[in-house]
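Visitor: See work_22.tsv below, with TSV, C-alpha atoms.
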```
chain	number	residue	atom	x	y	z
H	1	MET	CA	22.75	-4.84	22.43
H	2	THR	CA	20.40	-6.37	24.99
H	3	ALA	CA	17.29	-7.98	23.57
H	4	LYS	CA	14.50	-6.72	25.84
H	5	LEU	CA	11.98	-9.01	24.19
H	6	LYS	CA	13.77	-12.22	25.24
H	7	LYS	CA	12.36	-11.79	28.74
H	8	TYR	CA	8.85	-12.11	27.27
H	9	PHE	CA	9.66	-14.61	24.51
H	10	PRO	CA	12.26	-17.11	25.81
H	11	MET	CA	12.44	-18.91	22.46
H	12	ILE	CA	14.36	-15.94	20.99
H	13	ARG	CA	17.93	-17.02	20.28
H	14	GLU	CA	21.25	-15.28	20.76
H	15	LYS	CA	23.15	-13.77	17.83
H	16	GLU	CA	26.01	-16.30	17.92
H	17	GLU	CA	23.53	-19.18	17.95
H	18	VAL	CA	21.82	-17.86	14.81
H	19	LEU	CA	25.14	-17.21	13.06
H	20	ALA	CA	26.39	-20.70	13.95
H	21	GLU	CA	23.34	-22.28	12.30
H	22	ILE	CA	23.80	-20.14	9.19
H	23	ARG	CA	27.47	-21.11	8.90
H	24	LYS	CA	26.63	-24.83	9.13
H	25	ASP	CA	24.66	-24.67	5.88
H	26	SER	CA	26.67	-23.53	2.86
H	27	THR	CA	23.54	-22.42	0.97
H	28	LEU	CA	22.32	-20.29	3.85
H	29	HIS	CA	25.81	-18.91	4.45
H	30	THR	CA	26.16	-17.92	0.79
H	31	LYS	CA	22.78	-16.19	0.88
H	32	PHE	CA	23.67	-14.38	4.10
H	33	LYS	CA	26.98	-13.19	2.63
H	34	SER	CA	25.16	-11.85	-0.46
H	35	TRP	CA	23.35	-9.30	1.72
H	36	THR	CA	24.83	-5.92	2.58
H	37	PRO	CA	26.15	-5.44	6.13
H	38	GLU	CA	23.07	-3.34	6.89
H	39	GLN	CA	20.77	-6.11	5.67
H	40	GLN	CA	22.67	-8.71	7.69
H	41	ASP	CA	22.29	-6.60	10.83
H	42	GLU	CA	18.60	-6.09	10.15
H	43	PHE	CA	18.05	-9.83	9.79
H	44	LEU	CA	19.99	-10.66	12.96
H	45	ASN	CA	18.19	-7.94	14.94
H	46	LEU	CA	14.89	-9.42	13.81
H	47	CYS	CA	15.79	-13.00	14.82
H	48	THR	CA	17.40	-12.11	18.14
H	49	GLY	CA	14.78	-9.69	19.46
H	50	VAL	CA	16.98	-6.59	19.32
H	51	LYS	CA	14.15	-5.19	17.21
H	52	GLY	CA	10.60	-6.45	17.06
H	53	LEU	CA	9.28	-8.61	14.24
H	54	LYS	CA	7.86	-7.00	11.15
H	55	LEU	CA	4.58	-8.85	11.10
H	56	LEU	CA	3.72	-7.42	7.70
H	57	TYR	CA	6.20	-9.86	6.15
H	58	ASP	CA	4.17	-12.17	3.95
H	59	GLY	CA	5.22	-15.33	5.78
H	60	PHE	CA	4.36	-13.93	9.20
H	61	PHE	CA	1.11	-12.27	8.27
H	62	LYS	CA	-0.44	-15.19	6.44
H	63	GLU	CA	0.47	-17.49	9.30
H	64	ILE	CA	-0.78	-15.41	12.21
H	65	MET	CA	-3.91	-14.00	10.50
H	66	ASN	CA	-5.04	-16.86	8.29
H	67	PRO	CA	-8.82	-17.13	8.74
H	68	GLU	CA	-8.66	-20.88	8.16
H	69	TYR	CA	-6.32	-21.34	11.13
H	70	VAL	CA	-7.42	-18.53	13.46
H	71	PRO	CA	-10.82	-17.24	12.28
H	72	LYS	CA	-11.65	-15.46	15.54
H	73	ARG	CA	-8.46	-13.43	15.26
H	74	LEU	CA	-9.42	-12.03	11.86
H	75	ASP	CA	-13.01	-11.62	13.11
H	76	ASP	CA	-11.73	-9.39	15.90
H	77	PHE	CA	-9.44	-7.45	13.59
H	78	LEU	CA	-12.23	-6.74	11.07
H	79	SER	CA	-14.73	-5.92	13.81
H	80	HIS	CA	-12.50	-3.17	15.14
H	81	MET	CA	-11.58	-1.89	11.68
H	82	LEU	CA	-15.21	-1.72	10.47
H	83	CYS	CA	-16.61	-0.68	13.87
H	84	GLN	CA	-19.23	-3.42	13.79
H	85	LYS	CA	-19.46	-7.04	14.88
H	86	VAL	CA	-17.94	-9.24	12.19
H	87	THR	CA	-17.98	-13.02	11.92
H	88	ILE	CA	-16.26	-14.70	8.97
H	89	LEU	CA	-18.50	-17.26	7.34
H	90	LYS	CA	-15.92	-18.67	4.96
H	91	VAL	CA	-12.80	-17.88	2.99
H	92	LEU	CA	-13.52	-17.47	-0.71
H	93	PRO	CA	-11.24	-18.94	-3.38
H	94	GLY	CA	-8.52	-16.74	-4.76
H	95	ASP	CA	-9.45	-16.98	-8.43
H	96	SER	CA	-11.39	-14.03	-9.78
H	97	THR	CA	-11.91	-11.81	-12.78
H	98	ARG	CA	-9.15	-9.49	-11.60
H	99	ILE	CA	-6.67	-8.60	-14.29
H	100	ALA	CA	-3.45	-8.26	-12.38
H	101	ASP	CA	0.25	-8.89	-12.14
H	102	GLU	CA	0.36	-7.29	-8.73
H	103	SER	CA	1.48	-10.20	-6.59
H	104	SER	CA	4.84	-8.59	-5.88
H	105	LEU	CA	3.11	-5.59	-4.36
H	106	LEU	CA	0.76	-7.50	-2.11
H	107	ILE	CA	1.51	-8.58	1.43
H	108	MET	CA	-1.81	-10.28	1.82
H	109	ASP	CA	-4.87	-10.68	-0.32
H	110	ILE	CA	-7.65	-12.53	1.48
H	111	VAL	CA	-11.27	-12.48	0.39
H	112	VAL	CA	-13.80	-13.57	3.01
H	113	GLU	CA	-17.55	-13.84	3.23
H	114	LEU	CA	-19.03	-12.41	6.41
H	115	GLU	CA	-21.95	-13.69	8.43
H	116	ASP	CA	-24.40	-11.30	6.72
H	117	ARG	CA	-23.10	-12.55	3.32
H	118	SER	CA	-21.15	-9.34	2.70
H	119	ILE	CA	-17.71	-9.78	1.13
H	120	ALA	CA	-14.50	-8.21	2.36
H	121	ASN	CA	-11.17	-8.09	0.57
H	122	ILE	CA	-8.35	-7.41	3.04
H	123	GLU	CA	-5.09	-6.24	1.52
H	124	MET	CA	-1.76	-5.17	2.92
H	125	GLN	CA	0.14	-2.94	0.52
H	126	LYS	CA	3.85	-2.35	0.96
H	127	ILE	CA	4.09	0.65	-1.37
H	128	GLY	CA	0.95	2.68	-1.65
H	129	TYR	CA	1.77	4.96	-4.58
H	130	LEU	CA	0.79	2.12	-6.96
H	131	PHE	CA	-2.63	1.78	-5.35
H	132	PRO	CA	-4.66	4.79	-6.52
H	133	GLY	CA	-8.39	5.21	-6.13
H	134	GLN	CA	-9.01	3.86	-9.62
H	135	ARG	CA	-7.37	0.57	-8.73
H	136	SER	CA	-9.38	0.35	-5.52
H	137	ALA	CA	-12.57	0.86	-7.54
H	138	CYS	CA	-11.57	-1.99	-9.86
H	139	TYR	CA	-10.97	-4.28	-6.89
H	140	SER	CA	-14.38	-3.35	-5.50
H	141	ALA	CA	-16.06	-3.97	-8.85
H	142	ASP	CA	-14.34	-7.35	-8.99
H	143	LEU	CA	-15.79	-8.26	-5.58
H	144	LEU	CA	-19.26	-7.19	-6.65
H	145	LEU	CA	-19.09	-9.20	-9.86
H	146	ARG	CA	-17.85	-12.28	-8.01
H	147	GLN	CA	-20.75	-12.05	-5.59
H	148	TYR	CA	-23.27	-11.50	-8.37
H	149	LYS	CA	-22.07	-14.55	-10.31
H	150	ARG	CA	-22.00	-16.77	-7.24
H	151	ILE	CA	-25.43	-15.81	-5.90
H	152	LYS	CA	-27.04	-15.96	-9.33
H	153	GLY	CA	-25.59	-19.43	-9.80
H	154	GLU	CA	-26.86	-20.56	-6.40
H	155	THR	CA	-30.39	-19.12	-6.74
H	156	ASN	CA	-30.83	-19.74	-10.47
H	157	LYS	CA	-34.29	-18.48	-11.54
H	158	ASN	CA	-35.07	-17.07	-8.08
H	159	PHE	CA	-32.25	-14.54	-8.27
H	160	SER	CA	-32.95	-11.04	-6.97
H	161	TYR	CA	-30.57	-8.09	-6.91
H	162	LYS	CA	-31.66	-7.56	-3.30
H	163	ASP	CA	-29.67	-10.72	-2.49
H	164	ILE	CA	-26.44	-8.84	-3.29
H	165	LYS	CA	-24.77	-7.57	-0.10
H	166	ASN	CA	-22.08	-4.99	0.70
H	167	VAL	CA	-18.55	-5.43	-0.56
H	168	TYR	CA	-15.69	-3.98	1.49
H	169	THR	CA	-12.26	-3.17	0.06
H	170	ILE	CA	-9.95	-2.78	3.06
H	171	VAL	CA	-6.41	-1.62	2.35
H	172	LEU	CA	-3.66	-1.11	4.91
H	173	PHE	CA	-0.63	0.74	3.57
H	174	GLU	CA	2.83	0.22	5.01
H	175	ARG	CA	3.96	3.29	3.06
H	176	SER	CA	0.95	5.31	2.03
H	177	PRO	CA	0.48	7.43	-1.12
H	178	LYS	CA	1.28	11.14	-1.01
H	179	ILE	CA	-2.37	12.15	-1.01
H	180	PHE	CA	-2.85	10.62	2.46
H	181	HIS	CA	-0.11	12.85	3.84
H	182	THR	CA	-2.20	15.91	3.05
H	183	TYR	CA	-4.27	14.66	6.02
H	184	PRO	CA	-1.43	14.03	8.50
H	185	PHE	CA	-3.73	13.75	11.51
H	186	HIS	CA	-5.99	11.06	10.04
H	187	PHE	CA	-5.18	7.39	9.63
H	188	TYR	CA	-8.68	6.01	9.12
H	189	HIS	CA	-10.51	6.84	5.88
H	190	PHE	CA	-13.90	5.23	5.20
H	191	PHE	CA	-15.62	5.85	1.86
H	192	GLU	CA	-19.11	5.03	0.65
H	193	GLN	CA	-21.37	6.42	-2.05
H	194	LYS	CA	-23.74	9.20	-1.03
H	195	SER	CA	-26.17	11.45	-2.85
H	196	ASP	CA	-25.70	15.21	-3.01
H	197	THR	CA	-29.43	15.60	-2.22
H	198	GLY	CA	-29.55	13.43	0.88
H	199	LEU	CA	-31.53	10.69	-0.88
H	200	GLU	CA	-30.53	7.32	0.58
H	201	MET	CA	-30.13	4.20	-1.54
H	202	GLU	CA	-28.43	0.93	-0.68
H	203	LEU	CA	-25.32	1.25	-2.81
H	204	LEU	CA	-22.98	-1.57	-1.93
H	205	GLN	CA	-19.35	-0.58	-2.44
H	206	LYS	CA	-17.45	0.46	0.69
H	207	TYR	CA	-13.78	1.32	1.08
H	208	LEU	CA	-11.51	1.56	4.09
H	209	PHE	CA	-7.96	2.90	3.76
H	210	ILE	CA	-5.53	2.87	6.68
H	211	PRO	CA	-2.07	4.47	6.23
H	212	LEU	CA	0.01	2.69	8.86
H	213	ASP	CA	2.93	5.10	8.48
H	214	ILE	CA	0.71	8.03	9.46
H	215	PHE	CA	-0.75	6.01	12.33
H	216	GLN	CA	2.74	5.24	13.62
H	217	LYS	CA	3.73	8.92	13.57
H	218	ARG	CA	0.54	9.85	15.39
H	219	GLN	CA	1.10	7.20	18.04
H	220	GLN	CA	4.64	8.19	19.00
H	221	ASN	CA	4.78	8.81	22.75
H	222	GLU	CA	1.05	8.16	23.02
H	223	SER	CA	-0.72	5.39	24.90
H	224	ILE	CA	-2.62	2.59	23.18
H	225	ASN	CA	-6.16	3.78	23.82
H	226	ASN	CA	-8.33	1.07	22.29
H	227	LYS	CA	-8.32	-2.28	20.52
H	228	ARG	CA	-8.24	-0.72	17.07
H	229	ASP	CA	-5.07	1.16	17.98
H	230	ALA	CA	-3.68	-2.08	19.39
H	231	TRP	CA	-4.20	-3.95	16.12
H	232	LEU	CA	-2.64	-1.15	14.10
H	233	THR	CA	0.30	-0.96	16.52
H	234	LEU	CA	0.83	-4.69	16.04
H	235	PHE	CA	1.28	-4.24	12.29
H	236	SER	CA	3.09	-0.92	12.20
H	237	ASN	CA	5.61	-0.88	15.03
H	238	ASP	CA	8.72	-3.00	15.63
H	239	ASN	CA	10.07	-1.00	18.57
H	240	PRO	CA	10.64	-3.43	21.50
H	241	ASP	CA	9.43	-0.90	24.10
H	242	THR	CA	6.19	-0.38	22.17
H	243	ILE	CA	5.70	-4.13	21.77
H	244	ILE	CA	6.16	-4.65	25.51
H	245	LYS	CA	3.65	-1.88	26.18
H	246	LEU	CA	1.22	-3.50	23.72
H	247	ILE	CA	1.32	-6.99	25.22
H	248	THR	CA	1.08	-5.50	28.71
H	249	VAL	CA	-2.14	-3.66	27.89
H	250	TYR	CA	-3.48	-6.40	25.61
H	251	PRO	CA	-1.97	-9.75	26.71
H	252	GLU	CA	-3.77	-11.62	23.91
H	253	PHE	CA	-1.28	-10.16	21.43
H	254	GLN	CA	1.57	-11.97	23.16
H	255	GLU	CA	0.33	-15.22	21.63
H	256	ILE	CA	0.63	-13.70	18.15
H	257	TYR	CA	4.26	-12.72	18.74
H	258	GLU	CA	4.99	-16.17	20.19
H	259	GLU	CA	3.71	-17.80	17.00
H	260	ALA	CA	5.88	-15.49	14.90
H	261	TYR	CA	8.99	-16.13	17.00
H	262	ARG	CA	8.45	-19.88	16.67
H	263	ILE	CA	8.60	-19.34	12.92
H	264	CYS	CA	11.96	-17.63	13.50
H	265	LEU	CA	13.34	-20.89	14.90
H	266	ASN	CA	13.36	-22.14	11.31
H	267	ILE	CA	16.29	-20.09	10.02
H	268	GLU	CA	16.00	-21.37	6.46
H	269	ARG	CA	12.36	-20.30	6.28
H	270	VAL	CA	12.96	-16.86	7.80
H	271	MET	CA	15.93	-16.22	5.53
H	272	GLY	CA	13.72	-17.11	2.57
H	273	MET	CA	11.09	-14.65	3.79
H	274	PHE	CA	13.70	-11.96	4.30
H	275	SER	CA	15.21	-12.53	0.85
H	276	GLU	CA	11.79	-12.29	-0.78
H	277	GLU	CA	11.12	-9.02	1.05
H	278	LEU	CA	14.42	-7.63	-0.26
H	279	ALA	CA	13.58	-8.81	-3.78
H	280	VAL	CA	10.11	-7.25	-3.62
H	281	LEU	CA	11.59	-3.99	-2.35
H	282	ASP	CA	14.13	-3.98	-5.19
H	283	ARG	CA	11.44	-4.64	-7.82
H	284	ASN	CA	9.17	-1.99	-6.40
H	285	THR	CA	12.01	0.52	-6.07
H	286	VAL	CA	12.91	0.03	-9.73
H	287	LYS	CA	9.28	0.41	-10.75
H	288	TYR	CA	8.92	3.45	-8.57
H	289	MET	CA	12.00	5.04	-10.14
H	290	ILE	CA	10.70	4.29	-13.64
H	291	ASP	CA	7.31	5.77	-12.80
H	292	GLU	CA	8.90	8.82	-11.21
H	293	MET	CA	11.13	9.33	-14.28
H	294	GLN	CA	8.10	8.99	-16.55
H	295	ASN	CA	6.22	11.53	-14.43
H	296	GLU	CA	9.18	13.88	-14.68
H	297	ILE	CA	9.35	13.39	-18.46
H	298	ASP	CA	5.61	14.03	-18.76
H	299	GLU	CA	5.89	17.19	-16.64
H	300	GLN	CA	8.83	18.42	-18.72
H	301	LYS	CA	6.92	17.70	-21.92
H	302	GLN	CA	3.96	19.72	-20.64
H	303	THR	CA	6.27	22.57	-19.66
H	304	ILE	CA	7.93	22.57	-23.09
H	305	GLU	CA	4.56	22.51	-24.85
H	306	LYS	CA	3.37	25.43	-22.72
H	307	MET	CA	6.55	27.41	-23.46
H	308	GLN	CA	6.19	26.70	-27.18
H	309	LYS	CA	2.61	27.95	-27.17
H	310	GLU	CA	3.65	31.11	-25.34
H	311	TYR	CA	6.58	31.57	-27.79
H	312	HIS	CA	4.32	31.21	-30.85
H	313	LYS	CA	1.75	33.53	-29.27
H	314	SER	CA	4.47	36.12	-28.65
H	315	ILE	CA	5.57	35.99	-32.29
H	316	THR	CA	1.98	36.30	-33.52
H	317	ASN	CA	1.31	39.27	-31.22
H	318	THR	CA	4.52	40.99	-32.38
H	319	ILE	CA	3.53	40.53	-36.03
H	320	ASP	CA	0.10	42.06	-35.29
H	321	ILE	CA	1.73	45.06	-33.61
H	322	LEU	CA	4.14	45.59	-36.53
H	323	ARG	CA	1.28	45.36	-39.03
H	324	SER	CA	-0.58	48.03	-37.09
H	325	LEU	CA	2.39	50.29	-37.84
H	326	ASN	CA	1.75	49.75	-41.59
H	327	LEU	CA	5.12	48.08	-42.12
H	328	SER	CA	5.63	45.91	-45.17
H	329	ASP	CA	5.79	42.13	-44.84
H	330	THR	CA	9.44	42.24	-45.82
H	331	GLU	CA	10.28	44.67	-43.02
H	332	ILE	CA	8.15	42.74	-40.52
H	333	ILE	CA	9.95	39.51	-41.39
H	334	ALA	CA	13.32	41.21	-40.98
H	335	ARG	CA	12.37	42.57	-37.56
H	336	ILE	CA	10.97	39.20	-36.39
H	337	CYS	CA	14.15	37.42	-37.52
H	338	ASP	CA	16.24	39.93	-35.60
H	339	LYS	CA	14.17	39.89	-32.40
H	340	TYR	CA	13.64	36.11	-32.12
H	341	GLN	CA	16.92	34.98	-33.73
H	342	MET	CA	15.00	33.10	-36.44
H	343	GLN	CA	15.61	32.32	-40.09
H	344	GLU	CA	13.28	33.80	-42.70
H	345	SER	CA	11.99	30.31	-43.53
H	346	GLN	CA	10.94	29.90	-39.89
H	347	VAL	CA	8.98	33.16	-39.91
H	348	LEU	CA	7.07	32.63	-43.16
H	349	PRO	CA	4.58	30.04	-41.70
H	350	TYR	CA	3.23	32.85	-39.47
H	351	PHE	CA	2.06	34.81	-42.52
```
As a first step, turn the structure in this file into structure tokens.
Guide:
Amino acid sequence: MTAKLKKYFPMIREKEEVLAEIRKDSTLHTKFKSWTPEQQDEFLNLCTGVKGLKLLYDGFFKEIMNPEYVPKRLDDFLSHMLCQKVTILKVLPGDSTRIADESSLLIMDIVVELEDRSIANIEMQKIGYLFPGQRSACYSADLLLRQYKRIKGETNKNFSYKDIKNVYTIVLFERSPKIFHTYPFHFYHFFEQKSDTGLEMELLQKYLFIPLDIFQKRQQNESINNKRDAWLTLFSNDNPDTIIKLITVYPEFQEIYEEAYRICLNIERVMGMFSEELAVLDRNTVKYMIDEMQNEIDEQKQTIEKMQKEYHKSITNTIDILRSLNLSDTEIIARICDKYQMQESQVLPYF
């Protein structure tokens, strides 16, 4: 298959060249052979430009969007996501009060302080079903607490709550939760706290959720109309024709792909990235299956409990009807045993 992207990115290598390098290293060759034929083809298509790069891979994303290396790039991305001019002041340390073992679910987790001292947490989530609103609220609360502690420590006795600025929790989903698909024509959801009376107060927690899978469906056969769409296309689409269209309309994105394809020249590194993606997918798939089974068990339990209540209610109603006919308890018990296929000992607790 012809690699259309090689015309634009000459550093892309041919399939045989990539395979030859893999075969030269026994460790790499063993790893390559451990993949399924489908996974091998996917890896080769990625390296040789038959398909575009998946820039949501951890190794790609952190390299091309790291605010310490390319701050203006993340500035531009956030500016178009938040619809306001954003300048990153600094990258905040990764330690926090967050209670989490979520690293396998995260593509990126970067916390930055903006020019107006607001804080933004930018996250890429591979599987969105594990990222409900409650978890987002906890992340936001974590940001707020971090800011409070830092500013109070810096100002000491002169601390004022008015020094606390907005905190933004920005989540891009590669595969979004089911609830987002009830709004199939929307891929941009901004939340903030508002009063039901119209009273305005400066409440600080803001949320932005972007389901990339819904965006990609919406964008099929459509033009890239603005810079926000361009950024989201960059992270959601690996179709070579779409990538060519993107870098034609927005040439600045060609540099991003060039950086990513230079990473691909290091086969050992890219194979490591690919293996980690497969491992993450496996772990998440297992967790998803466990969660789905638990949900099914819980639903079945609720159904059984409901049926039991209806069964007991039916027996009680039947007993009341039989009593209204002035039947003796002995005759009522006999009729209940016959109708419900029960033993006498099972009927007695109803009396």
Visitor: Find the residues around Tyr340 in chain H up to 12 Å (all atoms listed in the file counted), leave out those fewer than 5 positions away in its own chain, and share them as a PyMOL selection string.
Guide: chain H and resi 311-312+314-316+318-319+333-335+346-347
Visitor: Just give me the gap between CA of Glu42 in chain H and CA of Leu278 in chain H in Å, one decimal is fine.
Guide: 11.3 Å
Visitor: In Å, how far is it from CA of Val50 in chain H to CA of Asp238 in chain H?
Guide: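 Those two atoms sit 9.7 Å apart.
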Visitor: Can you pull out the residues contacting range 265-268 of chain H? Cut-off 12 Å, using all atoms listed in the file, and skip same-chain residues under 4 positions away; I want them as number ranges by chain.
Guide: H: 10-14, 17-29, 31-32, 43-44, 46-48, 59, 258-261, 272-275
Visitor: Just how far from CA of Thr182 in chain H is CA of Phe209 in chain H, in Å to one decimal?
Guide: 14.2 Å
Visitor: So which one's closest to Ala230 in chain H, H:Val70, H:Ala120, H:Ile64, H:Met81? Using only C-alpha atoms, please.
Guide: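 Selected residue with least distance to Ala230 in chain H: H:Met81.
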Visitor: Which residues, written as a ChimeraX atom specification, have at least one atom at most 8 Å from Val112 in chain H, with only C-alpha atoms counted and residues fewer than 4 positions away on the same chain left out?
Guide: /H:88-92,119-121
Visitor: Do you know which residues lie at most 12 Å from (5.1, 45.3, -41.0), with coordinates as in the file and only C-alpha atoms counted, and could you write them as number ranges by chain?
Guide: H: 318-336, 351
Visitor: Please determine, counting all atoms listed in the file, which residue among H:Arg175, H:Lys149, H:Lys6, H:Lys85 has the shortest atom-to-atom distance to Gln125 in chain H.
Guide: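 Closest candidate: H:Arg175.
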Visitor: Around (-4.6, 7.7, 10.2) in the file's own coordinates, what residues are found within 7 Å if you use all atoms listed in the file, given back as a PyMOL selection string?
Guide: chain H and resi 185-188+210-212+214-215
Visitor: Taking the block just given, write range 27-35 of chain H to a file that holds all heavy atoms, as a PDB file, in the first residue's frame.
Guide:
```
ATOM      1  N   THR H  27      15.916  -9.033  20.804  1.00  0.00           N
ATOM      2  CA  THR H  27      14.896  -8.619  21.779  1.00  0.00           C
ATOM      3  C   THR H  27      13.695  -7.986  21.075  1.00  0.00           C
ATOM      4  O   THR H  27      12.544  -8.302  21.371  1.00  0.00           O
ATOM      5  CB  THR H  27      15.484  -7.615  22.787  1.00  0.00           C
ATOM      6  OG1 THR H  27      16.604  -8.214  23.451  1.00  0.00           O
ATOM      7  CG2 THR H  27      14.453  -7.214  23.826  1.00  0.00           C
ATOM      8  N   LEU H  28      13.999  -7.105  20.118  1.00  0.00           N
ATOM      9  CA  LEU H  28      12.922  -6.450  19.376  1.00  0.00           C
ATOM     10  C   LEU H  28      12.160  -7.463  18.525  1.00  0.00           C
ATOM     11  O   LEU H  28      10.928  -7.397  18.416  1.00  0.00           O
ATOM     12  CB  LEU H  28      13.480  -5.339  18.486  1.00  0.00           C
ATOM     13  CG  LEU H  28      14.162  -4.160  19.182  1.00  0.00           C
ATOM     14  CD1 LEU H  28      14.591  -3.113  18.163  1.00  0.00           C
ATOM     15  CD2 LEU H  28      13.242  -3.534  20.223  1.00  0.00           C
ATOM     16  N   HIS H  29      12.911  -8.406  17.936  1.00  0.00           N
ATOM     17  CA  HIS H  29      12.267  -9.402  17.084  1.00  0.00           C
ATOM     18  C   HIS H  29      11.342 -10.297  17.898  1.00  0.00           C
ATOM     19  O   HIS H  29      10.234 -10.644  17.458  1.00  0.00           O
ATOM     20  CB  HIS H  29      13.331 -10.249  16.383  1.00  0.00           C
ATOM     21  CG  HIS H  29      12.776 -11.078  15.267  1.00  0.00           C
ATOM     22  ND1 HIS H  29      12.910 -12.449  15.218  1.00  0.00           N
ATOM     23  CD2 HIS H  29      12.047 -10.730  14.160  1.00  0.00           C
ATOM     24  CE1 HIS H  29      12.310 -12.912  14.134  1.00  0.00           C
ATOM     25  NE2 HIS H  29      11.789 -11.892  13.470  1.00  0.00           N
ATOM     26  N   THR H  30      11.784 -10.675  19.100  1.00  0.00           N
ATOM     27  CA  THR H  30      10.950 -11.498  19.980  1.00  0.00           C
ATOM     28  C   THR H  30       9.675 -10.754  20.366  1.00  0.00           C
ATOM     29  O   THR H  30       8.576 -11.324  20.376  1.00  0.00           O
ATOM     30  CB  THR H  30      11.732 -11.891  21.245  1.00  0.00           C
ATOM     31  OG1 THR H  30      12.894 -12.637  20.874  1.00  0.00           O
ATOM     32  CG2 THR H  30      10.868 -12.725  22.184  1.00  0.00           C
ATOM     33  N   LYS H  31       9.830  -9.469  20.688  1.00  0.00           N
ATOM     34  CA  LYS H  31       8.663  -8.655  21.053  1.00  0.00           C
ATOM     35  C   LYS H  31       7.701  -8.543  19.875  1.00  0.00           C
ATOM     36  O   LYS H  31       6.496  -8.701  20.041  1.00  0.00           O
ATOM     37  CB  LYS H  31       9.111  -7.264  21.500  1.00  0.00           C
ATOM     38  CG  LYS H  31       7.966  -6.343  21.918  1.00  0.00           C
ATOM     39  CD  LYS H  31       8.478  -4.964  22.336  1.00  0.00           C
ATOM     40  CE  LYS H  31       9.267  -5.037  23.629  1.00  0.00           C
ATOM     41  NZ  LYS H  31       9.639  -3.683  24.102  1.00  0.00           N
ATOM     42  N   PHE H  32       8.249  -8.310  18.698  1.00  0.00           N
ATOM     43  CA  PHE H  32       7.415  -8.163  17.498  1.00  0.00           C
ATOM     44  C   PHE H  32       6.643  -9.454  17.231  1.00  0.00           C
ATOM     45  O   PHE H  32       5.452  -9.418  16.905  1.00  0.00           O
ATOM     46  CB  PHE H  32       8.296  -7.804  16.303  1.00  0.00           C
ATOM     47  CG  PHE H  32       7.538  -7.531  15.031  1.00  0.00           C
ATOM     48  CD1 PHE H  32       6.874  -6.327  14.849  1.00  0.00           C
ATOM     49  CD2 PHE H  32       7.498  -8.479  14.015  1.00  0.00           C
ATOM     50  CE1 PHE H  32       6.175  -6.076  13.670  1.00  0.00           C
ATOM     51  CE2 PHE H  32       6.795  -8.232  12.844  1.00  0.00           C
ATOM     52  CZ  PHE H  32       6.133  -7.023  12.668  1.00  0.00           C
ATOM     53  N   LYS H  33       7.302 -10.596  17.381  1.00  0.00           N
ATOM     54  CA  LYS H  33       6.671 -11.888  17.142  1.00  0.00           C
ATOM     55  C   LYS H  33       5.586 -12.207  18.177  1.00  0.00           C
ATOM     56  O   LYS H  33       4.692 -13.022  17.925  1.00  0.00           O
ATOM     57  CB  LYS H  33       7.725 -13.004  17.143  1.00  0.00           C
ATOM     58  CG  LYS H  33       8.570 -13.062  15.875  1.00  0.00           C
ATOM     59  CD  LYS H  33       7.687 -13.422  14.695  1.00  0.00           C
ATOM     60  CE  LYS H  33       8.485 -13.715  13.446  1.00  0.00           C
ATOM     61  NZ  LYS H  33       7.593 -14.033  12.310  1.00  0.00           N
ATOM     62  N   SER H  34       5.688 -11.578  19.361  1.00  0.00           N
ATOM     63  CA  SER H  34       4.692 -11.839  20.414  1.00  0.00           C
ATOM     64  C   SER H  34       3.355 -11.161  20.115  1.00  0.00           C
ATOM     65  O   SER H  34       2.342 -11.491  20.721  1.00  0.00           O
ATOM     66  CB  SER H  34       5.220 -11.350  21.769  1.00  0.00           C
ATOM     67  OG  SER H  34       5.264  -9.928  21.818  1.00  0.00           O
ATOM     68  N   TRP H  35       3.359 -10.208  19.183  1.00  0.00           N
ATOM     69  CA  TRP H  35       2.123  -9.523  18.820  1.00  0.00           C
ATOM     70  C   TRP H  35       1.318 -10.365  17.833  1.00  0.00           C
ATOM     71  O   TRP H  35       1.872 -11.196  17.107  1.00  0.00           O
ATOM     72  CB  TRP H  35       2.426  -8.163  18.189  1.00  0.00           C
ATOM     73  CG  TRP H  35       3.144  -7.207  19.088  1.00  0.00           C
ATOM     74  CD1 TRP H  35       3.172  -7.232  20.454  1.00  0.00           C
ATOM     75  CD2 TRP H  35       3.947  -6.088  18.691  1.00  0.00           C
ATOM     76  NE1 TRP H  35       3.932  -6.186  20.931  1.00  0.00           N
ATOM     77  CE2 TRP H  35       4.421  -5.469  19.888  1.00  0.00           C
ATOM     78  CE3 TRP H  35       4.304  -5.531  17.460  1.00  0.00           C
ATOM     79  CZ2 TRP H  35       5.232  -4.339  19.862  1.00  0.00           C
ATOM     80  CZ3 TRP H  35       5.110  -4.410  17.439  1.00  0.00           C
ATOM     81  CH2 TRP H  35       5.568  -3.819  18.620  1.00  0.00           C
TER      82      TRP H  35
END
```
